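Q: One structure, pasted below without further comment.
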Amino acid sequence: MDCHFRSTVERWAARFRSGDADVTDLPRSGGPVSATTSENIALIESMVMEDKCITVNQLGQSMEISSGAIHTILTTELGYRSICGKWVPHKLSENQRLARLNIVKKLLETYENCDSRRLTEIITGDET
């Protein structure tokens, strides 16, 4: 058993033997456990709306939050993706969905009576 681990266990055992059965953590100094607060989310969203080309590092420096926390807020909390150096919402708008639906319907109508190998000539790609 690791020496450090053994001494910690021995300290805990001594505390419990002396009647201290409290297992709750004591208050700690320092910043909040998480930088993902509603205030930070709102501030980051407003900064991105102001400048869609702002980088994670620039946001982190101005807010004094780690780049990992900034990236989590942008992608998980706000649903943004970085496309061509700009932060854009990941979800499609209703107009974008309808436009894609119309394109797919048109493609299906066009190729409905064609040889199936013609479908392999369609070039597709993602937003990046």
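Labels for the structure tokens follow display order: chains A, B, ..., residues from 1 in each chain, ligands from 1.
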Please extract the residues of stretch 19-102 of chain A with a backbone DSSP assignment of alpha helix (DSSP H) and present them as a ChimeraX atom specification.
A: /A:38-50,56-63,67-72,94-102
Q: Just to be explicit: take each residue in the selection above, keep N, CA and C atoms, and write the result as an mmCIF file, in the first residue's frame.
A:
data_model
loop_
_atom_site.group_PDB
_atom_site.id
_atom_site.type_symbol
_atom_site.label_atom_id
_atom_site.label_comp_id
_atom_site.auth_asym_id
_atom_site.auth_seq_id
_atom_site.Cartn_x
_atom_site.Cartn_y
_atom_site.Cartn_z
ATOM 1 N N SER A 38 -24.781 30.749 -15.185
ATOM 2 C CA SER A 38 -25.693 31.431 -16.107
ATOM 3 C C SER A 38 -25.147 32.800 -16.511
ATOM 4 N N GLU A 39 -24.445 33.468 -15.591
ATOM 5 C CA GLU A 39 -23.861 34.771 -15.913
ATOM 6 C C GLU A 39 -22.776 34.630 -16.973
ATOM 7 N N ASN A 40 -21.898 33.633 -16.795
ATOM 8 C CA ASN A 40 -20.821 33.424 -17.769
ATOM 9 C C ASN A 40 -21.379 33.021 -19.128
ATOM 10 N N ILE A 41 -22.386 32.176 -19.124
ATOM 11 C CA ILE A 41 -22.999 31.735 -20.386
ATOM 12 C C ILE A 41 -23.578 32.933 -21.120
ATOM 13 N N ALA A 42 -24.312 33.782 -20.405
ATOM 14 C CA ALA A 42 -24.925 34.959 -21.028
ATOM 15 C C ALA A 42 -23.857 35.924 -21.554
ATOM 16 N N LEU A 43 -22.787 36.123 -20.779
ATOM 17 C CA LEU A 43 -21.724 37.034 -21.193
ATOM 18 C C LEU A 43 -20.996 36.506 -22.432
ATOM 19 N N ILE A 44 -20.707 35.210 -22.446
ATOM 20 C CA ILE A 44 -20.032 34.616 -23.608
ATOM 21 C C ILE A 44 -20.926 34.714 -24.836
ATOM 22 N N GLU A 45 -22.207 34.443 -24.658
ATOM 23 C CA GLU A 45 -23.125 34.536 -25.802
ATOM 24 C C GLU A 45 -23.171 35.959 -26.351
ATOM 25 N N SER A 46 -23.212 36.952 -25.474
ATOM 26 C CA SER A 46 -23.244 38.338 -25.961
ATOM 27 C C SER A 46 -21.941 38.712 -26.662
ATOM 28 N N MET A 47 -20.809 38.212 -26.159
ATOM 29 C CA MET A 47 -19.525 38.516 -26.795
ATOM 30 C C MET A 47 -19.433 37.854 -28.174
ATOM 31 N N VAL A 48 -19.977 36.645 -28.312
ATOM 32 C CA VAL A 48 -19.953 35.953 -29.598
ATOM 33 C C VAL A 48 -20.900 36.639 -30.580
ATOM 34 N N MET A 49 -22.048 37.108 -30.095
ATOM 35 C CA MET A 49 -22.976 37.832 -30.969
ATOM 36 C C MET A 49 -22.343 39.118 -31.483
ATOM 37 N N GLU A 50 -21.532 39.735 -30.652
ATOM 38 C CA GLU A 50 -20.858 40.972 -31.029
ATOM 39 C C GLU A 50 -19.752 40.713 -32.057
ATOM 40 N N VAL A 56 -11.588 31.193 -28.764
ATOM 41 C CA VAL A 56 -11.735 30.657 -27.413
ATOM 42 C C VAL A 56 -10.702 31.291 -26.496
ATOM 43 N N ASN A 57 -9.471 31.453 -26.981
ATOM 44 C CA ASN A 57 -8.418 32.064 -26.158
ATOM 45 C C ASN A 57 -8.744 33.513 -25.811
ATOM 46 N N GLN A 58 -9.277 34.273 -26.774
ATOM 47 C CA GLN A 58 -9.644 35.668 -26.497
ATOM 48 C C GLN A 58 -10.749 35.732 -25.439
ATOM 49 N N LEU A 59 -11.743 34.863 -25.567
ATOM 50 C CA LEU A 59 -12.814 34.814 -24.572
ATOM 51 C C LEU A 59 -12.255 34.447 -23.204
ATOM 52 N N GLY A 60 -11.377 33.446 -23.179
ATOM 53 C CA GLY A 60 -10.792 32.996 -21.918
ATOM 54 C C GLY A 60 -9.976 34.071 -21.236
ATOM 55 N N GLN A 61 -9.200 34.823 -22.026
ATOM 56 C CA GLN A 61 -8.380 35.889 -21.448
ATOM 57 C C GLN A 61 -9.237 37.024 -20.916
ATOM 58 N N SER A 62 -10.277 37.390 -21.648
ATOM 59 C CA SER A 62 -11.085 38.527 -21.198
ATOM 60 C C SER A 62 -11.952 38.168 -19.994
ATOM 61 N N MET A 63 -12.320 36.893 -19.865
ATOM 62 C CA MET A 63 -13.178 36.487 -18.747
ATOM 63 C C MET A 63 -12.407 35.794 -17.633
ATOM 64 N N SER A 67 -9.730 27.892 -21.273
ATOM 65 C CA SER A 67 -10.251 27.678 -22.624
ATOM 66 C C SER A 67 -11.147 26.455 -22.694
ATOM 67 N N GLY A 68 -10.863 25.447 -21.872
ATOM 68 C CA GLY A 68 -11.721 24.263 -21.842
ATOM 69 C C GLY A 68 -13.130 24.593 -21.389
ATOM 70 N N ALA A 69 -13.237 25.431 -20.360
ATOM 71 C CA ALA A 69 -14.558 25.839 -19.866
ATOM 72 C C ALA A 69 -15.280 26.689 -20.912
ATOM 73 N N ILE A 70 -14.548 27.575 -21.581
ATOM 74 C CA ILE A 70 -15.139 28.407 -22.636
ATOM 75 C C ILE A 70 -15.660 27.506 -23.756
ATOM 76 N N HIS A 71 -14.853 26.549 -24.170
ATOM 77 C CA HIS A 71 -15.257 25.649 -25.257
ATOM 78 C C HIS A 71 -16.499 24.851 -24.858
ATOM 79 N N THR A 72 -16.558 24.384 -23.617
ATOM 80 C CA THR A 72 -17.729 23.640 -23.140
ATOM 81 C C THR A 72 -18.977 24.519 -23.171
ATOM 82 N N GLU A 94 -35.797 26.887 -39.164
ATOM 83 C CA GLU A 94 -36.919 26.256 -39.878
ATOM 84 C C GLU A 94 -36.782 26.458 -41.388
ATOM 85 N N ASN A 95 -36.344 27.655 -41.813
ATOM 86 C CA ASN A 95 -36.149 27.913 -43.249
ATOM 87 C C ASN A 95 -35.058 27.030 -43.842
ATOM 88 N N GLN A 96 -33.976 26.826 -43.085
ATOM 89 C CA GLN A 96 -32.896 25.970 -43.570
ATOM 90 C C GLN A 96 -33.362 24.516 -43.701
ATOM 91 N N ARG A 97 -34.160 24.055 -42.733
ATOM 92 C CA ARG A 97 -34.690 22.687 -42.808
ATOM 93 C C ARG A 97 -35.597 22.514 -44.020
ATOM 94 N N LEU A 98 -36.473 23.494 -44.253
ATOM 95 C CA LEU A 98 -37.383 23.414 -45.401
ATOM 96 C C LEU A 98 -36.619 23.447 -46.718
ATOM 97 N N ALA A 99 -35.575 24.282 -46.787
ATOM 98 C CA ALA A 99 -34.769 24.348 -48.008
ATOM 99 C C ALA A 99 -34.100 23.000 -48.276
ATOM 100 N N ARG A 100 -33.553 22.375 -47.237
ATOM 101 C CA ARG A 100 -32.923 21.063 -47.417
ATOM 102 C C ARG A 100 -33.948 20.012 -47.832
ATOM 103 N N LEU A 101 -35.130 20.065 -47.251
ATOM 104 C CA LEU A 101 -36.187 19.120 -47.605
ATOM 105 C C LEU A 101 -36.581 19.273 -49.068
ATOM 106 N N ASN A 102 -36.718 20.515 -49.511
ATOM 107 C CA ASN A 102 -37.073 20.760 -50.915
ATOM 108 C C ASN A 102 -35.983 20.273 -51.862
#
Q: With only C-alpha atoms as the atoms that count, which of A:Cys84, A:Ile65, A:Leu108, A:Ala21 lies nearest to A:Thr37?
A: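 The closest residue to A:Thr37 is A:Ile65.
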Q: Would you mind telling me which residue in A:Ile83, A:Val23, A:Val104, A:Val9 lies nearest to A:Thr55 when using only C-alpha atoms?
A: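 Answer, going by the shortest atom-to-atom distance: A:Ile83.
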Q: Please indicate the distance in Å from atom CA of A:Lys52 to atom CA of A:Ser34, rounded to one decimal place.
A: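 Going from atom CA of A:Lys52 over to atom CA of A:Ser34, I get 24.5 Å.
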Q: Could you tell me how far atom CA of A:Asp22 sits from atom CA of A:Ala35, in Å to one decimal place?
A: 28.4 Å
